Amino acid sequence: MQRSVKLFIKYVSLNMLGMLGISFYILADTFFIAQALGPNGIASLNLSIPVFGIMHGFGLMLGLGGATRYKILLSQDKQKQAKKVYAQTLVFALALGLVFFLVGQFGADGIARFSGADSETFDSTRIYLTTILSFAPFFILNNSLLSFIRNDGDPTLAMFGMVIGSVLNVVLDYIFIFPLQMGMFGAALATSLSPIISLSVLSIHFFKPVNNLSFAFQKVEKRLIHDVMYLGSSAFVNEISGSVVMFTFNTIIFSLQGNEGLAAYGIIANISFVVLSLFAGVAQGTQPLLSESYGLKDLKQIKQVLALSLGTAFILSGVIYAGTYLFSDHLILAFNSEQNAHIADMATTGLLIYFAGFFFAGLNIVSTSYFGATDQPKRSLFFSMLRGGIIIVPLVLVLSQLYGMVGVWLSFVLAEMLVLGLIAWKMNPNKRVKRKKRIG
């Protein structure tokens, strides 16, 4: 038990710090844009985030899926197969990044219009999208490599890669937006340089004695990549679903309250991004421990790690909600540069209702990650899809008609609550491991 707790604290705390660093630069981005470009800048950023989420989701899918299979194989002393998974995952990640690069060069205008940008937000949305997508290969490679290095026994370096990239991004954000007056392009460029900085830090791992990762360029096998994508599909769906939900919310909120409503939602969405990153930190931090325990068929450790992660998520939810309740006015003021009373009122109500959903969302994120880490991609994918749109989209369409903006905020809470009930019904670590033992 003591070893499990020590490893849990090490992996989770380091990964939470890293994810907090990433979310911090997103918040800084939002803050600087709010100060320099006002509500229209926030609205443009909000319209761009879904596309960024899709790109980010592909990187997480390949990274977490590939690293999960890598860790399971490594724990079973199948080093040759493990290294093959690593090499082919990175090759495919680079190819996918180039596809996103081309989309950014030729499709940014169409994406901006499809996202709902109007005459006031179109130019800045297009600029942000073009810039971010131009650096897509670095974003996807960085997300992939972070997971592999974490699973290769170096969570500390993974954390430093995320944090250093994020801190320097905040510094560049300020320089590009204010002294250099580069506006939305400056904000996007600073964000786009972050994965390059992170990759530079992560490269240190290949010179360490603990390194088991060795890259050899090889032809991508369809079967292997399918396995990697299937294992990481829940991470992808979580990111995609966030984009789908945000697009749906953007559309409904714009019809209810226009750009002021989008600005209010932008405040909530970006603060919630920080919260979700903390839960993701818990989930991604426990993944190597769960995958190793599963590969070794250590049921006791699986149960211990799962209990610790669920408990951590629940306590974290309580602390976050208490902080939101006490400091909501200060949080909103930081992003409401024009001190628009209507935006502040909508954002205050939204924070208090929407953030109640994190009591359920945190447990759901940890649980879906558990399914993926223990080679149960079907369940992980199913529950991620429920969270991502199957439940929340119909709810927000109905509740927004009945209760307006309050209904929009409430749909998130009810959706996460329903998903948690279904997860609790289906989760049974004991049954899963016993069945696997009989097969082996």
# chains A, B, ... in the order shown; residues from 1 in each chain; ligands from 1
$ residues_around --residues "range 358-361 of chain A" --least-positions-apart "2" --cutoff "8 Å" --atoms "only C-alpha atoms" --output "MDAnalysis selection string"
chainID A and resid 314 317:318 354:356 363:365 413 416:417 420
$ write_last_selection --atoms "N, CA, C and O atoms" --output "short mmCIF file (atom, residue, chain, number, x, y, z; two decimals), in the first residue's frame"
data_model
loop_
_atom_site.label_atom_id
_atom_site.label_comp_id
_atom_site.auth_asym_id
_atom_site.auth_seq_id
_atom_site.Cartn_x
_atom_site.Cartn_y
_atom_site.Cartn_z
N PHE A 314 -12.60 13.90 -6.07
CA PHE A 314 -13.75 14.41 -5.31
C PHE A 314 -13.34 15.55 -4.37
O PHE A 314 -14.02 16.57 -4.28
N SER A 317 -12.73 18.65 -6.32
CA SER A 317 -13.98 19.28 -6.73
C SER A 317 -14.51 20.20 -5.63
O SER A 317 -14.97 21.32 -5.91
N GLY A 318 -14.46 19.72 -4.39
CA GLY A 318 -14.95 20.53 -3.27
C GLY A 318 -14.13 21.79 -3.08
O GLY A 318 -14.69 22.88 -2.87
N TYR A 354 -22.66 26.05 -13.27
CA TYR A 354 -21.84 25.19 -14.12
C TYR A 354 -20.80 24.43 -13.31
O TYR A 354 -20.59 23.22 -13.52
N PHE A 355 -20.15 25.10 -12.36
CA PHE A 355 -19.06 24.48 -11.62
C PHE A 355 -19.54 23.41 -10.64
O PHE A 355 -18.74 22.60 -10.17
N ALA A 356 -20.84 23.38 -10.33
CA ALA A 356 -21.37 22.28 -9.51
C ALA A 356 -21.22 20.95 -10.24
O ALA A 356 -21.12 19.89 -9.62
N LEU A 363 -14.97 12.79 -11.29
CA LEU A 363 -15.04 11.34 -11.12
C LEU A 363 -15.20 10.64 -12.48
O LEU A 363 -14.64 9.56 -12.70
N ASN A 364 -15.94 11.26 -13.39
CA ASN A 364 -16.13 10.68 -14.72
C ASN A 364 -14.82 10.65 -15.52
O ASN A 364 -14.51 9.67 -16.21
N ILE A 365 -14.04 11.71 -15.44
CA ILE A 365 -12.77 11.79 -16.17
C ILE A 365 -11.80 10.72 -15.67
O ILE A 365 -11.16 10.01 -16.45
N VAL A 413 -24.33 20.16 -15.64
CA VAL A 413 -24.44 19.49 -14.35
C VAL A 413 -25.25 18.19 -14.47
O VAL A 413 -24.82 17.13 -14.00
N GLU A 416 -23.37 15.33 -16.56
CA GLU A 416 -22.30 14.65 -15.83
C GLU A 416 -22.87 13.76 -14.72
O GLU A 416 -22.35 12.67 -14.45
N MET A 417 -23.95 14.19 -14.09
CA MET A 417 -24.58 13.39 -13.04
C MET A 417 -25.12 12.07 -13.60
O MET A 417 -24.93 11.00 -13.01
N LEU A 420 -22.21 9.65 -14.48
CA LEU A 420 -21.60 9.06 -13.29
C LEU A 420 -22.43 7.88 -12.77
O LEU A 420 -21.87 6.86 -12.35
#
$ residues_around --residues "range 27-39 of chain A" --least-positions-apart "6" --cutoff "10 Å" --atoms "only C-alpha atoms" --output "PyMOL selection string"
chain A and resi 21+45-46+121+124+166-167+169-171+173-174+177-178+181+183-184+186-188+190-191+259-264+266-267+270-274+334-338+340+343
$ write_last_selection --atoms "C-alpha atoms" --output "short mmCIF file (atom, residue, chain, number, x, y, z; two decimals), in the first residue's frame"
data_model
loop_
_atom_site.label_atom_id
_atom_site.label_comp_id
_atom_site.auth_asym_id
_atom_site.auth_seq_id
_atom_site.Cartn_x
_atom_site.Cartn_y
_atom_site.Cartn_z
CA GLY A 21 1.04 25.02 -16.34
CA LEU A 45 -10.76 33.08 -28.97
CA ASN A 46 -13.82 31.17 -27.83
CA THR A 121 -14.96 38.56 -34.94
CA SER A 124 -9.28 37.75 -35.50
CA SER A 166 3.79 27.19 -20.53
CA VAL A 167 5.73 29.78 -18.52
CA ASN A 169 4.47 31.10 -23.49
CA VAL A 170 3.01 33.53 -20.92
CA VAL A 171 6.12 35.71 -21.17
CA ASP A 173 2.19 36.33 -24.80
CA TYR A 174 2.77 39.57 -22.92
CA ILE A 177 0.47 41.46 -27.42
CA PHE A 178 1.56 44.60 -25.54
CA GLN A 181 1.35 45.27 -30.45
CA GLY A 183 -2.76 41.56 -31.36
CA MET A 184 -4.46 38.21 -31.98
CA GLY A 186 0.80 37.59 -31.27
CA ALA A 187 -1.39 35.62 -28.87
CA ALA A 188 -1.61 32.69 -31.30
CA ALA A 190 3.07 32.69 -28.40
CA THR A 191 0.81 29.68 -27.85
CA ASN A 259 -21.49 38.50 -28.37
CA GLU A 260 -21.94 39.53 -24.72
CA GLY A 261 -23.23 36.04 -24.00
CA LEU A 262 -20.23 34.56 -25.83
CA ALA A 263 -17.90 36.73 -23.77
CA ALA A 264 -19.54 35.50 -20.54
CA GLY A 266 -15.65 32.56 -22.74
CA ILE A 267 -14.84 33.48 -19.14
CA ASN A 270 -11.49 29.24 -19.95
CA ILE A 271 -11.66 28.99 -16.15
CA SER A 272 -13.24 25.55 -16.47
CA PHE A 273 -10.36 24.59 -18.77
CA VAL A 274 -8.04 25.02 -15.77
CA ALA A 334 -9.92 39.77 -14.44
CA PHE A 335 -11.48 38.89 -17.82
CA ASN A 336 -14.17 41.56 -18.03
CA SER A 337 -11.83 44.42 -18.93
CA GLU A 338 -14.65 46.82 -19.84
CA ASN A 340 -19.66 45.21 -18.53
CA ILE A 343 -21.47 40.08 -18.87
#
$ closest_residue --among "A:Ser200, A:Gln218, A:Asn238, A:Ser13" --to "Val91 in chain A" --atoms "only C-alpha atoms"
A:Gln218
$ closest_residue --among "A:Leu224, A:Val12, A:Leu410, A:Ile423" --to "Phe383 in chain A" --atoms "only C-alpha atoms"
A:Ile423
$ atom_distance --atom1 "CA of Met385 in chain A" --atom2 "CA of Ala87 in chain A"
28.8 Å
$ residues_around --residues "range 14-18 of chain A" --least-positions-apart "2" --cutoff "6 Å" --atoms "only C-alpha atoms" --output "PyMOL selection string"
chain A and resi 11-12+20-21+159+162-163+278+281+285
$ write_last_selection --atoms "N, CA, C and O atoms" --output "short mmCIF file (atom, residue, chain, number, x, y, z; two decimals), in the first residue's frame"
data_model
loop_
_atom_site.label_atom_id
_atom_site.label_comp_id
_atom_site.auth_asym_id
_atom_site.auth_seq_id
_atom_site.Cartn_x
_atom_site.Cartn_y
_atom_site.Cartn_z
N TYR A 11 3.46 10.58 -9.38
CA TYR A 11 2.97 10.71 -10.75
C TYR A 11 1.85 11.74 -10.87
O TYR A 11 1.83 12.56 -11.80
N VAL A 12 0.91 11.71 -9.93
CA VAL A 12 -0.24 12.61 -10.02
C VAL A 12 0.16 14.05 -9.74
O VAL A 12 -0.26 14.97 -10.46
N LEU A 20 -1.47 22.04 -14.96
CA LEU A 20 -1.78 23.37 -14.45
C LEU A 20 -1.00 24.43 -15.21
O LEU A 20 -1.51 25.52 -15.50
N GLY A 21 0.23 24.09 -15.55
CA GLY A 21 1.04 25.02 -16.34
C GLY A 21 0.43 25.27 -17.71
O GLY A 21 0.37 26.42 -18.17
N MET A 159 6.74 16.76 -16.63
CA MET A 159 6.19 17.93 -15.95
C MET A 159 6.97 19.19 -16.31
O MET A 159 6.38 20.23 -16.62
N MET A 162 6.11 20.50 -19.78
CA MET A 162 4.84 21.22 -19.83
C MET A 162 4.94 22.59 -19.16
O MET A 162 4.48 23.60 -19.70
N VAL A 163 5.57 22.63 -17.99
CA VAL A 163 5.62 23.88 -17.21
C VAL A 163 6.52 24.92 -17.89
O VAL A 163 6.14 26.09 -18.01
N LEU A 278 -6.80 19.96 -14.28
CA LEU A 278 -6.41 19.33 -13.01
C LEU A 278 -6.93 17.90 -12.92
O LEU A 278 -6.21 16.98 -12.50
N GLY A 281 -4.96 15.86 -15.12
CA GLY A 281 -3.68 15.58 -14.49
C GLY A 281 -3.74 14.37 -13.58
O GLY A 281 -2.83 13.53 -13.57
N GLY A 285 -1.90 11.03 -14.74
CA GLY A 285 -0.86 10.63 -13.79
C GLY A 285 -1.03 9.20 -13.32
O GLY A 285 -0.04 8.49 -13.07
#
